[in-house]
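Peer 1: Here you go, one structure.
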Amino acid sequence: MKARIVEVGPRDGLQNEKATIPTETKVAFVDALSEAGYDEIEVSAFVSPKWVPQLADAEAVFERIRRREGVIYSALVPNEQGLDRAFGARVGKIAVFTAASETFNRKNVNAGIAESIERFAPVVPRAQAAGLSVRGYVSTAFWCPYEGKIAPQAVVDVVKRLLDVGADEISIGDTIGKAVPGEVHDLLDLLLDALAQDRIAMHFHDTYGTAVANALAAYDRGISVFDASAGGVGGCPFAPGAAGNVATEDLFWALTRSGASIALDLERVSAASSLLASALGRSLRSRVRDALSEGKDL
């Protein structure tokens, strides 16, 4: 089965870095990723610099990246003001976002679930009228750092609200990386009754080391779109204890060895990770990348 990896490192990966990352580093990172064969890279977010100062240079990054034909360069937007900025930056796809936990949503966007959806509801038809596809993120779809375990039905209810406002694709997020494969199956038992497999993406963080196993569980259920971050960089500034996204290298290795066909150049992904690791001055979290650097036969 064909599968896709959506690279979220430049946005979800970098937003949690405390030290300010120069714009030229972000541009170089995206450009390196563009050479690896992705069909979608999430570049940045048009959110308030007050809440996510790391991404205050979204316009500058979009202006300076070398756009490769066939690659969608997407961005997160919270409201119509963010959409206007995204239009100006020639974004190729947008994402809106909410959560399955009321408490997390208030910590994240200072609004409850219903209010957050109300804020971005006008964004969806405006983006689609401009020819842009719209993704809807659902954070804390398994566990919340404030509320604990999230009931699968609560997730499905939020997904249905996103479908009602017109989202084309839904990304299901294990924001604090605490899910296990059984919980992935429990959610998909309900979720697959609400929308088709090809409209679902899975977004796993690797805090407890189960992200790859969770992705394989979803793949076994026919899910073919997965979010990942080169080198496993990332986290969430509003989720205490959340570690990085599943590393693109590790997810690619596991999925392709399980029969998936993914159009990515693993060595070029690893090269992009190395560029970022050098800029950050520290190692990143990818076992496959480490194996490649040691010259092991994969």
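Identifiers in this document derive from the order of the structure tokens: chains are assigned A, B, ..., residues are numbered from 1 separately in each chain, and ligands are numbered from 1 in order of occurrence.
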When you look at Glu102 in chain A with a cut-off of 8 Å (counting only C-alpha atoms), what residues show up, excluding the ones that are within fewer than 3 positions of it in the same chain? I need them as a PyMOL selection string.

Peer 2: chain A and resi 99+105-106+112-113

Peer 1: Within 12 Å of range 92-96 of chain A, which residues of range 165-249 of chain A show up? Give each one with its shortest atom-to-atom distance in Å (one decimal) and the two atoms involved, counting only C-alpha atoms, rows by chain then rising residue number, as JSON lines.

Peer 2:
```
{"residue": "A:Val165", "atom": "CA", "partner": "A:Val96", "partner_atom": "CA", "distance": 10.8}
{"residue": "A:Gly166", "atom": "CA", "partner": "A:Val96", "partner_atom": "CA", "distance": 11.1}
{"residue": "A:Ala167", "atom": "CA", "partner": "A:Val96", "partner_atom": "CA", "distance": 8.6}
{"residue": "A:Asp168", "atom": "CA", "partner": "A:Ala95", "partner_atom": "CA", "distance": 9.9}
{"residue": "A:Glu169", "atom": "CA", "partner": "A:Ala95", "partner_atom": "CA", "distance": 9.1}
{"residue": "A:Ile170", "atom": "CA", "partner": "A:Ala95", "partner_atom": "CA", "distance": 9.3}
{"residue": "A:Ser171", "atom": "CA", "partner": "A:Ala95", "partner_atom": "CA", "distance": 9.4}
```

Peer 1: What residues in range 59-165 of chain A get the DSSP label strand (DSSP E)? Please answer as an mmCIF file with C-alpha atoms, in the first residue's frame.

Peer 2:
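The resulting out34.cif:
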```
data_model
loop_
_atom_site.group_PDB
_atom_site.id
_atom_site.type_symbol
_atom_site.label_atom_id
_atom_site.label_comp_id
_atom_site.auth_asym_id
_atom_site.auth_seq_id
_atom_site.Cartn_x
_atom_site.Cartn_y
_atom_site.Cartn_z
ATOM 1 C CA ILE A 72 2.830 21.521 -1.147
ATOM 2 C CA TYR A 73 4.140 24.068 1.361
ATOM 3 C CA SER A 74 1.507 24.307 4.081
ATOM 4 C CA ALA A 75 0.969 26.366 7.221
ATOM 5 C CA LEU A 76 -1.120 26.451 10.365
ATOM 6 C CA LYS A 93 -2.464 24.407 1.973
ATOM 7 C CA ILE A 94 -3.686 25.451 5.396
ATOM 8 C CA ALA A 95 -4.401 23.704 8.661
ATOM 9 C CA VAL A 96 -6.761 24.727 11.426
ATOM 10 C CA PHE A 97 -6.570 23.252 14.881
ATOM 11 C CA THR A 98 -8.496 22.347 17.995
ATOM 12 C CA ALA A 99 -8.287 19.631 20.653
ATOM 13 C CA SER A 133 -7.093 22.215 0.752
ATOM 14 C CA VAL A 134 -7.799 22.417 4.496
ATOM 15 C CA ARG A 135 -6.516 20.083 7.178
ATOM 16 C CA GLY A 136 -8.048 19.981 10.660
ATOM 17 C CA TYR A 137 -5.839 19.015 13.595
ATOM 18 C CA VAL A 138 -7.273 17.336 16.692
ATOM 19 C CA SER A 139 -4.735 17.498 19.514
ATOM 20 C CA TRP A 143 -4.282 11.532 26.477
ATOM 21 C CA CYS A 144 -4.248 15.072 27.888
ATOM 22 C CA GLY A 148 -5.872 12.306 31.554
ATOM 23 C CA LYS A 149 -7.260 9.706 29.164
#
```

Peer 1: Can I get the residues of range 2-121 of chain A within 9 Å of range 258-277 of chain A, each with the closest pair of atoms and their distance in Å to one decimal, using only C-alpha atoms, sorted chain first then ascending number, as a Markdown table?

Peer 2:
```
| residue | atom | partner | partner_atom | distance |
| --- | --- | --- | --- | --- |
| A:Lys2 | CA | A:Ser261 | CA | 4.5 |
| A:Ala3 | CA | A:Ile262 | CA | 5.4 |
| A:Arg4 | CA | A:Ile262 | CA | 6.0 |
| A:Ile5 | CA | A:Ile262 | CA | 7.6 |
| A:Thr25 | CA | A:Leu276 | CA | 7.6 |
| A:Lys26 | CA | A:Leu276 | CA | 8.4 |
| A:Ala28 | CA | A:Leu275 | CA | 8.1 |
| A:Phe29 | CA | A:Ala272 | CA | 6.0 |
| A:Val30 | CA | A:Ala272 | CA | 8.1 |
| A:Asp31 | CA | A:Ala272 | CA | 8.5 |
| A:Ala32 | CA | A:Ala272 | CA | 5.2 |
| A:Leu33 | CA | A:Ala272 | CA | 5.8 |
| A:Glu35 | CA | A:Arg268 | CA | 6.9 |
| A:Ala36 | CA | A:Arg268 | CA | 5.0 |
| A:Gly37 | CA | A:Leu264 | CA | 4.8 |
| A:Tyr38 | CA | A:Leu264 | CA | 6.1 |
| A:Asp39 | CA | A:Ala263 | CA | 8.6 |
```

Peer 1: Between A:Ile117, A:Ile223, A:Leu191, A:Val233, which one has atoms that come closest to Thr207 in chain A, using only C-alpha atoms?

Peer 2: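 Among A:Ile117, A:Ile223, A:Leu191, A:Val233, it is A:Val233 that comes nearest to Thr207 in chain A.
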
Peer 1: Running DSSP on the backbone, which parts of range 33-203 of chain A land in alpha helix (DSSP H), as a ChimeraX atom specification?

Peer 2: /A:33-34,58-64,80-88,102-109,113-120,123-129,152-164,181-191

Peer 1: Taking only C-alpha atoms into account, name the residue in A:Pro145, A:Asp206, A:Gly244, A:Gln128 that is nearest to Lys107 in chain A.

Peer 2: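 Using only C-alpha atoms, the shortest distance to Lys107 in chain A belongs to A:Pro145.
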
Peer 1: Residues within 9 Å of Arg287 in chain A, please, as a list in words. Count only C-alpha atoms; anything in the same chain fewer than 3 positions from it doesn't count.

Peer 2: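 Within the cut-off, the hits are Gly231, Ala247, Glu249, Asp250, Asp290, Ala291 and Leu292 of chain A.
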
Peer 1: Using only C-alpha atoms for the distances, tell me which of A:Arg68, A:Arg85, A:Arg90, A:Arg11 is nearest to Val52 in chain A.

Peer 2: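 Nearest to Val52 in chain A: A:Arg11.
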
Peer 1: What does the distance between CA of Ile65 in chain A and CA of Pro53 in chain A come to in Å, to one decimal place?

Peer 2: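 Atom-to-atom, CA of Ile65 in chain A and CA of Pro53 in chain A are spaced 19.8 Å apart.
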
Peer 1: Closest to His185 in chain A among A:Asp164, A:Asp220, A:Asp157, A:Glu147, using only C-alpha atoms?

Peer 2: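 With only C-alpha atoms as the atom set, the closest residue is A:Asp220.
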
Peer 1: For a test of reading the model, state the distance in Å between CA of Ala201 in chain A and CA of Tyr146 in chain A, rounded to one decimal.

Peer 2: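 Those two atoms sit 24.2 Å apart.
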
Peer 1: Leaving out Asn214 in chain A and any residue of its chain fewer than 4 positions from it, which residues lie within 8 Å of it when counting only C-alpha atoms, given as a PyMOL selection string?

Peer 2: chain A and resi 179-181+184+204+210+218

Peer 1: Which distance in Å separates CA of Arg285 in chain A and CA of Glu40 in chain A, to one decimal?

Peer 2: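 Distance between the two atoms: 21.8 Å.
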
Peer 1: Give me the residues within 9 Å of Phe142 in chain A as a VMD selection string, counting only C-alpha atoms and dropping any in the same chain fewer than 6 places off.

Peer 2: chain A and resid 100 148 to 152 155 172 to 179 183 to 184 187

Peer 1: So that I have them on file, write out the residues from the current selection with C-alpha atoms, as a JSON list (two decimals), in the first residue's frame.

Peer 2:
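The resulting again-v2.json:
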```
[["chain", "number", "residue", "atom", "x", "y", "z"],
["A", 100, "ALA", "CA", -10.32, 16.82, 22.14],
["A", 148, "GLY", "CA", -5.87, 12.31, 31.55],
["A", 149, "LYS", "CA", -7.26, 9.71, 29.16],
["A", 150, "ILE", "CA", -9.59, 11.04, 26.48],
["A", 151, "ALA", "CA", -12.62, 8.96, 25.52],
["A", 152, "PRO", "CA", -12.60, 7.91, 21.84],
["A", 155, "VAL", "CA", -12.50, 12.62, 19.68],
["A", 172, "ILE", "CA", -5.35, 12.87, 14.83],
["A", 173, "GLY", "CA", -2.68, 13.87, 17.35],
["A", 174, "ASP", "CA", -1.16, 11.99, 20.26],
["A", 175, "THR", "CA", 0.17, 15.25, 21.63],
["A", 176, "ILE", "CA", 1.91, 13.95, 24.74],
["A", 177, "GLY", "CA", 3.01, 10.68, 23.15],
["A", 178, "LYS", "CA", 1.32, 8.41, 25.68],
["A", 179, "ALA", "CA", -0.89, 6.27, 23.43],
["A", 183, "GLU", "CA", -5.79, 2.70, 22.15],
["A", 184, "VAL", "CA", -5.13, 3.49, 18.48],
["A", 187, "LEU", "CA", -10.22, 5.08, 18.45]]
```

Peer 1: Pick from A:Thr140, A:Pro78, A:Gly70, A:Asn16: nearest to Thr103 in chain A, with only C-alpha atoms counted?

Peer 2: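 Distance minimum relative to Thr103 in chain A lands on A:Thr140.
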